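With TSV, C-alpha atoms inside, this is structure.tsv:
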chain	number	residue	atom	x	y	z
A	266	MET	CA	157.93	216.29	63.47
A	267	ILE	CA	154.84	214.28	62.62
A	268	SER	CA	153.79	213.20	59.15
A	269	ALA	CA	151.48	215.33	57.04
A	270	ALA	CA	148.96	212.47	56.96
A	271	LEU	CA	148.91	212.24	60.75
A	272	ARG	CA	148.47	215.99	61.14
A	273	SER	CA	145.66	215.96	58.56
A	274	GLN	CA	143.79	213.23	60.43
A	275	LEU	CA	144.21	214.97	63.77
A	276	ASN	CA	142.93	218.20	62.23
A	277	ALA	CA	139.89	216.47	60.72
A	278	LEU	CA	138.92	214.82	64.02
A	279	ILE	CA	139.28	218.02	66.05
A	280	ALA	CA	137.26	219.93	63.44
A	281	THR	CA	134.34	217.49	63.74
A	282	PRO	CA	132.26	218.32	66.85
A	283	SER	CA	131.06	215.39	68.96
A	284	VAL	CA	130.15	216.84	72.36
A	285	SER	CA	128.46	214.38	74.68
A	286	SER	CA	126.37	215.91	77.45
A	287	THR	CA	123.53	215.07	79.81
A	288	ASP	CA	122.06	218.42	78.68
A	289	ALA	CA	120.07	217.51	75.57
A	290	SER	CA	120.33	221.08	74.23
A	291	ILE	CA	124.11	220.75	73.70
A	292	ASP	CA	124.45	216.99	73.23
A	293	GLN	CA	125.74	215.98	69.79
A	294	GLY	CA	126.15	212.80	67.79
A	295	ASN	CA	129.49	211.16	66.99
A	296	ARG	CA	128.59	209.52	63.69
A	297	ALA	CA	130.66	211.97	61.59
A	298	VAL	CA	133.76	211.11	63.65
A	299	ILE	CA	133.05	207.38	63.32
A	300	ASP	CA	132.71	207.74	59.55
A	301	LEU	CA	136.09	209.49	59.30
A	302	ILE	CA	137.92	206.78	61.25
A	303	ALA	CA	136.12	204.06	59.29
A	304	GLU	CA	137.16	205.67	56.00
A	305	TRP	CA	140.83	205.75	57.02
A	306	ALA	CA	140.74	202.22	58.44
A	307	THR	CA	139.04	200.82	55.34
A	308	ALA	CA	141.75	202.34	53.14
A	309	LEU	CA	144.32	200.37	55.16
A	310	GLY	CA	142.45	197.10	54.71
A	311	PHE	CA	140.48	196.92	57.96
A	312	ARG	CA	136.98	195.41	57.86
A	313	CYS	CA	134.72	198.02	59.43
A	314	GLU	CA	131.50	197.40	61.30
A	315	ILE	CA	129.52	200.43	62.41
A	316	MET	CA	127.24	199.61	65.36
A	317	PRO	CA	124.35	202.07	65.86
A	318	VAL	CA	123.77	202.82	69.54
A	319	SER	CA	121.20	205.64	69.46
A	320	PRO	CA	120.13	208.26	66.90
A	321	GLY	CA	123.29	209.90	65.55
A	322	LYS	CA	125.55	207.81	67.79
A	323	ALA	CA	127.52	204.67	66.98
A	324	ASN	CA	130.52	202.50	67.76
A	325	LEU	CA	133.12	201.37	65.22
A	326	LEU	CA	134.81	197.97	65.18
A	327	ALA	CA	137.61	197.93	62.59
A	328	THR	CA	139.39	194.57	62.29
A	329	LEU	CA	142.58	193.61	60.49
A	330	GLY	CA	143.25	189.88	60.26
A	331	GLU	CA	141.33	186.81	61.32
A	332	GLY	CA	141.11	184.34	64.15
A	333	PRO	CA	140.64	184.29	67.90
A	334	GLY	CA	142.34	186.53	70.43
A	335	GLY	CA	144.00	189.68	69.26
A	336	LEU	CA	144.81	193.19	70.34
A	337	VAL	CA	142.39	196.12	70.62
A	338	PHE	CA	143.34	199.79	70.46
A	339	SER	CA	140.29	201.46	72.02
A	340	GLY	CA	139.05	204.96	72.57
A	341	HIS	CA	135.98	207.15	72.80
A	342	THR	CA	135.07	209.64	70.09
A	343	ASP	CA	133.03	212.07	72.20
A	344	THR	CA	134.30	215.11	74.06
A	345	VAL	CA	133.00	217.05	77.03
A	346	PRO	CA	131.28	220.43	76.51
A	347	PHE	CA	133.52	223.49	76.33
A	348	ASP	CA	133.67	227.11	77.46
A	349	SER	CA	134.71	229.06	74.37
A	350	ASN	CA	135.57	232.13	76.47
A	351	GLY	CA	138.45	230.27	78.10
A	352	TRP	CA	140.07	229.11	74.87
A	353	HIS	CA	142.94	231.03	73.30
A	354	ASN	CA	142.09	229.51	69.92
A	355	ASP	CA	139.10	227.90	68.22
A	356	PRO	CA	138.59	224.60	70.11
A	357	PHE	CA	137.58	222.96	66.80
A	358	GLU	CA	140.74	223.98	64.97
A	359	LEU	CA	143.99	222.09	65.55
A	360	THR	CA	146.48	224.80	66.54
A	361	GLU	CA	150.22	224.33	67.00
A	362	ARG	CA	151.88	226.54	69.59
A	363	ASP	CA	155.02	226.08	71.72
A	364	GLY	CA	155.48	222.45	70.74
A	365	ARG	CA	151.88	221.56	71.53
A	366	LEU	CA	148.79	220.75	69.48
A	367	TYR	CA	145.72	222.45	70.94
A	368	GLY	CA	142.12	221.44	70.30
A	369	LEU	CA	139.08	219.94	71.99
A	370	GLY	CA	139.74	216.20	72.22
A	371	SER	CA	143.43	216.43	71.31
A	372	ALA	CA	144.37	214.62	74.54
A	373	ASP	CA	141.00	213.22	75.66
A	374	MET	CA	140.98	211.45	73.34
A	375	LYS	CA	140.39	211.82	69.62
A	376	GLY	CA	144.12	212.25	69.15
A	377	PHE	CA	144.72	208.58	69.91
A	378	PHE	CA	143.01	207.23	66.77
A	379	PRO	CA	145.48	208.48	64.14
A	380	LEU	CA	148.32	207.14	66.30
A	381	ALA	CA	146.66	203.73	66.53
A	382	LEU	CA	146.16	203.62	62.76
A	383	ALA	CA	149.77	204.66	62.15
A	384	ALA	CA	150.98	201.90	64.48
A	385	ALA	CA	149.19	199.33	62.31
A	386	ASP	CA	151.56	199.89	59.36
A	387	GLU	CA	153.58	196.69	59.73
A	388	ALA	CA	150.44	194.59	60.20
A	389	VAL	CA	148.92	196.25	57.13
A	390	ALA	CA	152.07	195.45	55.14
A	391	HIS	CA	151.78	191.81	56.26
A	392	ILE	CA	148.22	191.56	54.95
A	393	ARG	CA	149.05	193.30	51.68
A	394	ALA	CA	151.91	190.86	51.15
A	395	GLY	CA	149.48	187.97	51.43
A	396	LYS	CA	150.64	186.93	54.88
A	397	THR	CA	148.41	186.17	57.85
A	398	LEU	CA	148.55	187.78	61.24
A	399	ALA	CA	149.11	185.64	64.31
A	400	ALA	CA	146.10	187.42	65.86
A	401	PRO	CA	143.86	190.24	64.64
A	402	LEU	CA	144.34	193.94	65.36
A	403	ILE	CA	141.14	195.82	66.20
A	404	ILE	CA	140.56	199.57	66.32
A	405	LEU	CA	137.57	200.24	68.57
A	406	ALA	CA	135.84	203.63	68.71
A	407	THR	CA	132.88	204.28	71.03
A	408	CYS	CA	130.26	206.90	71.81
A	409	ASP	CA	129.10	208.60	75.02
A	410	GLU	CA	131.99	207.63	77.30
A	411	GLU	CA	131.86	211.09	78.85
A	412	THR	CA	128.25	210.66	80.00
A	413	SER	CA	126.47	207.30	80.11
A	414	MET	CA	129.03	204.76	78.81
A	415	ALA	CA	126.27	203.80	76.36
A	416	GLY	CA	128.75	202.76	73.68
A	417	ALA	CA	130.69	200.46	75.99
A	418	ARG	CA	127.48	198.98	77.40
A	419	ALA	CA	126.26	198.26	73.86
A	420	LEU	CA	129.47	196.33	73.19
A	421	VAL	CA	128.93	194.17	76.27
A	422	ASP	CA	125.31	193.54	75.27
A	423	ALA	CA	126.46	192.51	71.78
A	424	GLY	CA	129.29	190.36	73.14
A	425	LYS	CA	131.95	191.93	70.93
A	426	PRO	CA	134.69	192.46	70.08
A	427	LYS	CA	136.27	189.19	71.14
A	428	ALA	CA	139.95	189.77	71.82
A	429	ARG	CA	142.59	189.00	74.43
A	430	TYR	CA	144.15	192.38	75.15
A	431	ALA	CA	142.99	196.00	75.02
A	432	VAL	CA	144.85	199.30	75.26
A	433	ILE	CA	142.64	202.28	76.07
A	434	GLY	CA	144.29	205.43	74.77
A	435	GLU	CA	143.27	207.87	77.50
A	436	PRO	CA	145.88	210.51	78.38
A	437	THR	CA	148.36	208.97	80.84
A	438	SER	CA	151.54	210.91	80.01
A	439	MET	CA	152.73	207.76	78.23
A	440	ARG	CA	152.78	205.68	81.42
A	441	PRO	CA	150.85	202.40	81.66
A	442	LEU	CA	148.02	202.24	84.19
A	443	ARG	CA	146.46	198.90	85.10
A	444	MET	CA	143.76	199.93	87.53
A	445	HIS	CA	141.33	202.69	88.39
A	446	LYS	CA	138.57	203.32	90.89
A	447	GLY	CA	134.92	202.85	90.11
A	448	ALA	CA	132.45	205.71	89.81
A	449	MET	CA	129.03	205.82	91.44
A	450	MET	CA	126.79	208.90	91.26
A	451	GLU	CA	123.74	208.52	93.50
A	452	ARG	CA	120.81	210.52	94.82
A	453	ILE	CA	118.97	210.33	98.11
A	454	PHE	CA	115.43	211.70	98.02
A	455	ILE	CA	113.49	212.32	101.22
A	456	GLU	CA	109.79	213.07	101.26
A	457	GLY	CA	108.12	214.35	104.41
A	458	GLN	CA	105.17	216.70	104.89
A	459	SER	CA	104.93	220.47	104.78
A	460	GLY	CA	103.28	222.58	107.46
A	461	HIS	CA	103.49	225.93	109.23
A	462	SER	CA	106.92	226.46	110.75
A	463	SER	CA	105.40	227.74	114.02
A	464	ASP	CA	104.37	224.21	114.96
A	465	PRO	CA	106.77	221.35	114.02
A	466	SER	CA	104.08	218.77	114.80
A	467	LEU	CA	102.12	219.89	111.75
A	468	GLY	CA	104.65	218.35	109.36
A	469	ARG	CA	107.59	216.01	108.92
A	470	ASN	CA	110.75	217.92	108.10
A	471	ALA	CA	112.78	216.38	105.25
A	472	LEU	CA	115.72	218.66	106.00
A	473	ASP	CA	115.92	217.40	109.57
A	474	ALA	CA	116.02	213.86	108.22
A	475	MET	CA	118.62	214.79	105.61
A	476	HIS	CA	120.84	216.22	108.34
A	477	ALA	CA	120.89	212.79	109.93
A	478	VAL	CA	121.44	211.13	106.55
A	479	ILE	CA	124.48	213.29	105.92
A	480	GLY	CA	125.86	212.30	109.30
A	481	GLU	CA	125.45	208.63	108.39
A	482	LEU	CA	127.21	209.13	105.03
A	483	ILE	CA	130.13	210.91	106.67
A	484	ALA	CA	130.48	208.13	109.23
A	485	TYR	CA	130.30	205.55	106.43
A	486	ARG	CA	132.97	207.45	104.50
A	487	GLU	CA	135.31	207.26	107.49
A	488	GLN	CA	134.57	203.55	107.89
A	489	LEU	CA	135.39	202.86	104.22
A	490	ALA	CA	138.63	204.83	104.46
A	491	SER	CA	139.76	202.83	107.48
A	492	ARG	CA	138.81	199.49	105.92
A	493	TYR	CA	140.12	199.82	102.34
A	494	HIS	CA	143.52	201.03	101.15
A	495	ASN	CA	145.56	200.73	97.95
A	496	ALA	CA	148.92	202.49	97.86
A	497	LEU	CA	149.06	202.56	94.04
A	498	PHE	CA	146.45	205.33	94.03
A	499	THR	CA	147.34	208.96	94.72
A	500	VAL	CA	144.26	209.00	96.97
A	501	PRO	CA	144.67	205.48	98.40
A	502	THR	CA	141.20	205.09	99.93
A	503	PRO	CA	137.64	205.13	98.60
A	504	THR	CA	136.08	208.59	98.50
A	505	LEU	CA	132.54	209.77	99.12
A	506	ASN	CA	131.76	213.34	98.08
A	507	LEU	CA	128.57	215.17	99.05
A	508	GLY	CA	128.02	217.06	95.81
A	509	CYS	CA	124.80	219.05	95.91
A	510	ILE	CA	121.63	219.42	97.97
A	511	HIS	CA	118.21	220.91	97.28
A	512	GLY	CA	115.27	221.17	99.65
A	513	GLY	CA	112.38	223.31	100.81
A	514	ASP	CA	110.98	226.52	99.39
A	515	ASN	CA	110.50	229.04	102.22
A	516	PRO	CA	111.86	229.62	105.74
A	517	ASN	CA	108.40	229.67	107.32
A	518	ARG	CA	107.34	226.30	105.87
A	519	ILE	CA	108.32	222.87	107.12
A	520	CYS	CA	110.47	221.33	104.41
A	521	ALA	CA	108.45	218.66	102.60
A	522	SER	CA	111.18	217.22	100.37
A	523	CYS	CA	114.95	217.24	100.06
A	524	GLU	CA	117.41	215.71	97.59
A	525	LEU	CA	121.13	215.04	98.05
A	526	GLN	CA	123.43	213.91	95.24
A	527	TYR	CA	126.73	212.28	96.07
A	528	ASP	CA	129.68	210.61	94.36
A	529	LEU	CA	131.28	207.38	95.62
A	530	ARG	CA	134.59	206.10	94.19
A	531	PRO	CA	135.26	202.48	95.21
A	532	LEU	CA	138.63	200.78	94.96
A	533	PRO	CA	139.11	197.62	92.89
A	534	GLY	CA	137.60	194.67	94.72
A	535	MET	CA	134.72	196.69	96.19
A	536	ASP	CA	131.28	195.70	94.89
A	537	MET	CA	128.90	198.53	93.93
A	538	ALA	CA	125.75	196.57	94.77
A	539	GLU	CA	127.10	195.79	98.24
A	540	LEU	CA	127.94	199.46	98.81
A	541	ARG	CA	124.39	200.49	97.89
A	542	ALA	CA	122.99	197.79	100.18
A	543	ASP	CA	125.17	199.02	103.05
A	544	ILE	CA	123.94	202.57	102.61
A	545	ASN	CA	120.30	201.46	102.39
A	546	MET	CA	120.69	199.57	105.66
A	547	ARG	CA	122.00	202.74	107.32
A	548	LEU	CA	119.12	204.83	105.99
A	549	LEU	CA	116.28	202.51	106.97
A	550	PRO	CA	116.29	203.41	110.70
A	551	LEU	CA	116.34	207.11	109.82
A	552	ALA	CA	113.19	206.81	107.73
A	553	GLU	CA	111.44	205.26	110.73
A	554	ARG	CA	112.90	207.76	113.20
A	555	PHE	CA	111.77	210.84	111.23
A	556	ASN	CA	108.61	209.25	109.77
A	557	VAL	CA	109.63	210.08	106.21
A	558	SER	CA	110.26	208.11	103.04
A	559	ILE	CA	113.89	207.82	101.93
A	560	ARG	CA	114.96	206.59	98.50
A	561	ASN	CA	118.59	205.95	97.61
A	562	GLU	CA	119.01	205.40	93.87
A	563	PRO	CA	121.72	205.64	91.21
A	564	LEU	CA	121.81	208.58	88.84
A	565	PHE	CA	123.38	206.15	86.37
A	566	ALA	CA	124.30	202.49	86.61
A	567	GLY	CA	127.85	203.27	87.68
A	568	THR	CA	131.24	202.31	86.29
A	569	PRO	CA	133.01	199.43	88.04
A	570	ALA	CA	136.61	199.68	89.18
A	571	LEU	CA	139.30	198.17	86.99
A	572	GLU	CA	142.21	195.98	87.97
A	573	THR	CA	144.35	194.04	85.49
A	574	PRO	CA	146.82	191.64	87.13
A	575	ALA	CA	150.43	192.77	87.26
A	576	GLU	CA	151.46	189.46	85.70
A	577	SER	CA	149.32	190.01	82.58
A	578	PRO	CA	151.44	189.73	79.40
A	579	LEU	CA	150.00	193.07	78.28
A	580	VAL	CA	151.07	194.80	81.49
A	581	GLN	CA	154.54	193.30	81.27
A	582	ALA	CA	154.90	194.22	77.60
A	583	LEU	CA	153.97	197.87	78.16
A	584	GLU	CA	156.20	198.12	81.21
A	585	GLN	CA	159.10	196.90	79.07
A	586	LEU	CA	158.27	199.23	76.17
A	587	THR	CA	157.84	202.33	78.37
A	588	ASN	CA	160.33	201.54	81.16
A	589	TYR	CA	157.67	202.48	83.70
A	590	PRO	CA	155.87	200.23	86.20
A	591	ALA	CA	152.11	200.08	85.67
A	592	GLY	CA	150.26	202.33	88.08
A	593	ALA	CA	146.71	203.44	88.85
A	594	ALA	CA	144.47	206.11	87.33
A	595	ALA	CA	142.40	208.57	89.31
A	596	PHE	CA	139.80	208.67	86.53
A	597	GLY	CA	137.41	206.06	85.15
A	598	THR	CA	137.51	204.44	81.71
A	599	GLU	CA	135.72	201.91	79.53
A	600	GLY	CA	138.21	199.30	80.74
A	601	PRO	CA	135.78	197.37	82.99
A	602	TYR	CA	133.45	196.81	80.04
A	603	LEU	CA	136.26	195.47	77.86
A	604	GLN	CA	137.30	193.33	80.82
A	605	ALA	CA	133.74	191.97	80.95
A	606	LEU	CA	134.24	190.88	77.32
A	607	GLY	CA	137.24	188.79	78.39
A	608	MET	CA	140.14	191.17	77.76
A	609	ASP	CA	143.06	192.28	79.87
A	610	ALA	CA	142.70	196.07	79.71
A	611	LEU	CA	145.41	198.68	80.19
A	612	ILE	CA	145.28	202.47	79.97
A	613	PHE	CA	148.03	204.16	77.97
A	614	GLY	CA	148.19	207.25	75.79
A	615	PRO	CA	149.86	210.58	75.12
A	616	GLY	CA	148.66	213.76	76.73
A	617	ASN	CA	148.10	214.58	80.37
A	618	ILE	CA	144.79	214.07	82.15
A	619	ASP	CA	145.38	217.37	83.97
A	620	VAL	CA	144.64	219.33	80.77
A	621	ALA	CA	141.51	217.33	79.89
A	622	HIS	CA	138.00	218.73	80.45
A	623	GLN	CA	139.22	222.33	80.47
A	624	PRO	CA	140.02	225.15	78.03
A	625	ASN	CA	143.22	224.96	75.97
A	626	GLU	CA	143.45	221.18	76.02
A	627	TYR	CA	146.58	220.02	74.23
A	628	VAL	CA	148.88	217.12	73.48
A	629	GLU	CA	152.66	217.44	73.31
A	630	LEU	CA	153.97	217.06	69.76
A	631	ALA	CA	157.08	215.33	71.07
A	632	ASN	CA	154.96	212.49	72.50
A	633	LEU	CA	153.18	211.46	69.30
A	634	ASN	CA	155.86	209.54	67.40
A	635	PRO	CA	157.13	207.79	70.57
A	636	THR	CA	153.54	206.69	71.29
A	637	ILE	CA	153.24	205.26	67.77
A	638	ASN	CA	156.49	203.33	68.27
A	639	ILE	CA	155.28	201.85	71.56
A	640	LEU	CA	151.97	200.81	69.99
A	641	ARG	CA	153.92	199.28	67.10
A	642	GLY	CA	155.83	197.23	69.66
A	643	LEU	CA	152.54	195.85	70.99
A	644	VAL	CA	151.31	195.02	67.49
A	645	LYS	CA	154.55	193.20	66.76
A	646	ARG	CA	154.33	191.21	69.99
A	647	PHE	CA	150.64	190.30	70.01
A	648	CYS	CA	149.61	190.32	66.31
A	649	LEU	CA	152.73	189.45	64.33
A	650	ALA	CA	154.76	187.10	66.50
A	651	HIS	CA	153.92	183.40	66.08
I'd like the structure from this file rewritten - as structure tokens, please.
Amino acid sequence: MISAALRSQLNALIATPSVSSTDASIDQGNRAVIDLIAEWATALGFRCEIMPVSPGKANLLATLGEGPGGLVFSGHTDTVPFDSNGWHNDPFELTERDGRLYGLGSADMKGFFPLALAAADEAVAHIRAGKTLAAPLIILATCDEETSMAGARALVDAGKPKARYAVIGEPTSMRPLRMHKGAMMERIFIEGQSGHSSDPSLGRNALDAMHAVIGELIAYREQLASRYHNALFTVPTPTLNLGCIHGGDNPNRICASCELQYDLRPLPGMDMAELRADINMRLLPLAERFNVSIRNEPLFAGTPALETPAESPLVQALEQLTNYPAGAAAFGTEGPYLQALGMDALIFGPGNIDVAHQPNEYVELANLNPTINILRGLVKRFCLAH
């Protein structure tokens, strides 16, 4: 069983839409969610700073205690879009069924915030008793993680929060994860010249050039897989996925332009700028060979890979509290941005990533109180112990 207060907070967060999408027609703000968390945190004694990021979108930095260092419980407040036809219940209504709590964002990852606030109870009691914390506890809530990472980027630009350790409450089935791959989404645009298909010399075929480009990308993918390997990942090599292609307009016209979009997932230790430079070097001879222009450019800046050392005190503490060795995530997080702010970052939360981003998302009721207890253990170790 979970407390009535915890259930009420979970229900309020699920009932407050905050879809983040690259499609402006369905994109929503997260400010209402931020205001809810700020209200609850303020009632506990946290000092709350709301950081506007864009119209209707903001981050929240809620701090308990003073001084350098400290522990951050971090999460994003946005959700992905949803297909209402696939849901067995209203995605914006917390629904209990078969020992599970269903709702959009229940696992990924609005459900983490009430757990983080509940885990602060001993630190709150310390403050109310007039005692000081050894290091502050910070609840961090961000916007637009599911699309542009705009919230996390705004934190890096602002240079805050300053802390030593960060736990990102993404769904990990309550197992600590200390690394994940990066995420690069890129486009290659080729511009040639149209002409009548009966005479190839009348134009410069962008599809012919793209055929050669695809061959180069596949060869590069095989080269990366043979060069880089990390056994902690389920897929232990970098991946390069050819996602979608568009080109031409009619079979009897020489194709004047063609666009390919692809996804590249580098392992920790691989530099995104170097990968782009490698690809550009491979494409340059093709532009000359087919007499076309070729542009390779990011669809967004990309999310770096994350690796927190196994010897980090945070990693060791969570391994002891969960009795699981820290592993690797197949998905990306805001961890690299918190790392850029000087923190050791670890991914840990209830829920299973396999149910995220799809209808009937849920979190197991039985995992909520154990998660609170584990987070309490981290607060005791990093914020209360002198």
Please produce, as a Markdown table, a per-residue contact table for segment 409-525 of chain A versus segment 363-387 of chain A (criterion: any atom at most 6 Å away, all atoms listed in the file considered), showing the nearest atom pair and its distance in Å to one decimal, sorted by chain then residue number.
| residue | atom | partner | partner_atom | distance |
| --- | --- | --- | --- | --- |
| A:Gly434 | CA | A:Phe377 | CA | 5.8 |
| A:Glu435 | CA | A:Met374 | CA | 5.9 |
| A:Pro436 | CA | A:Ala372 | CA | 5.8 |
Near Gly457 of chain A, within 10 Å and counting only C-alpha atoms, which residues show up once chain neighbours fewer than 4 positions away are dropped, as a PDB file with C-alpha atoms, in the coordinates of the input?
ATOM      1  CA  GLY A 468     104.650 218.350 109.360  1.00  0.00           C
ATOM      2  CA  ARG A 469     107.590 216.010 108.920  1.00  0.00           C
ATOM      3  CA  ASN A 470     110.750 217.920 108.100  1.00  0.00           C
ATOM      4  CA  ALA A 471     112.780 216.380 105.250  1.00  0.00           C
ATOM      5  CA  LEU A 472     115.720 218.660 106.000  1.00  0.00           C
ATOM      6  CA  ASP A 473     115.920 217.400 109.570  1.00  0.00           C
ATOM      7  CA  ALA A 474     116.020 213.860 108.220  1.00  0.00           C
ATOM      8  CA  ILE A 519     108.320 222.870 107.120  1.00  0.00           C
ATOM      9  CA  CYS A 520     110.470 221.330 104.410  1.00  0.00           C
ATOM     10  CA  ALA A 521     108.450 218.660 102.600  1.00  0.00           C
ATOM     11  CA  SER A 522     111.180 217.220 100.370  1.00  0.00           C
ATOM     12  CA  CYS A 523     114.950 217.240 100.060  1.00  0.00           C
ATOM     13  CA  ALA A 552     113.190 206.810 107.730  1.00  0.00           C
ATOM     14  CA  PHE A 555     111.770 210.840 111.230  1.00  0.00           C
ATOM     15  CA  ASN A 556     108.610 209.250 109.770  1.00  0.00           C
ATOM     16  CA  VAL A 557     109.630 210.080 106.210  1.00  0.00           C
ATOM     17  CA  SER A 558     110.260 208.110 103.040  1.00  0.00           C
ATOM     18  CA  ILE A 559     113.890 207.820 101.930  1.00  0.00           C
TER      19      ILE A 559
END
**OP:** Counting all atoms listed in the file, figure out which residue out of A:Leu402, A:Met535, A:Leu275, A:Ala593 gets nearest to Glu361 of chain A.
**Re:** A:Leu275
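Near Phe311 of chain A, within 7 Å and counting all atoms listed in the file, sit Ala327, Thr328 and Leu329 of chain A; same-chain residues fewer than 6 positions away were not included.
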Original post:
Smallest atom-to-atom distance to Asp409 of chain A: which of A:Ala306, A:Leu525, A:Ile483, A:Val284, using only C-alpha atoms?
Top reply: A:Val284
Subject >> Using all atoms listed in the file: which of A:Met475, A:Leu643, A:Leu489, A:Ile637 has the shortest distance to Ala582 of chain A >> reply: A:Leu643
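Distance-wise, atom CA of Thr281 of chain A and atom CA of Ser339 of chain A end up 19.0 Å apart.
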**OP:** Could you pull out every residue with an atom within 6 Å of (134.3, 189.6, 73.9), file coordinates, counting all atoms listed in the file, and send them as a ChimeraX atom specification?
**Re:** /A:424-427,606-607
Original post:
For the atom pair atom CA of Ala270 of chain A and atom CA of Ala406 of chain A, what is the interatomic distance in Å to one decimal place?
Top reply: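 Atom CA of Ala270 of chain A sits 19.7 Å away from atom CA of Ala406 of chain A.
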**OP:** Might you pull out every residue within 6 Å of Pro531 of chain A, with only C-alpha atoms counted and same-chain residues fewer than 4 positions away left off, and present them as a ChimeraX atom specification?
**Re:** /A:446-447,503,535
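With atom CA of Ile479 of chain A on one side and atom CA of Asn515 of chain A on the other, the separation reads 21.4 Å.
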Subject >> Near-Arg560 of chain A list (9 Å; all atoms listed in the file; drop same-chain fewer than 2 positions) as a list of chain:residue names >> reply: A:Arg452, A:Ile453, A:Phe454, A:Ile455, A:Glu456, A:Asn545, A:Leu548, A:Ser558, A:Glu562
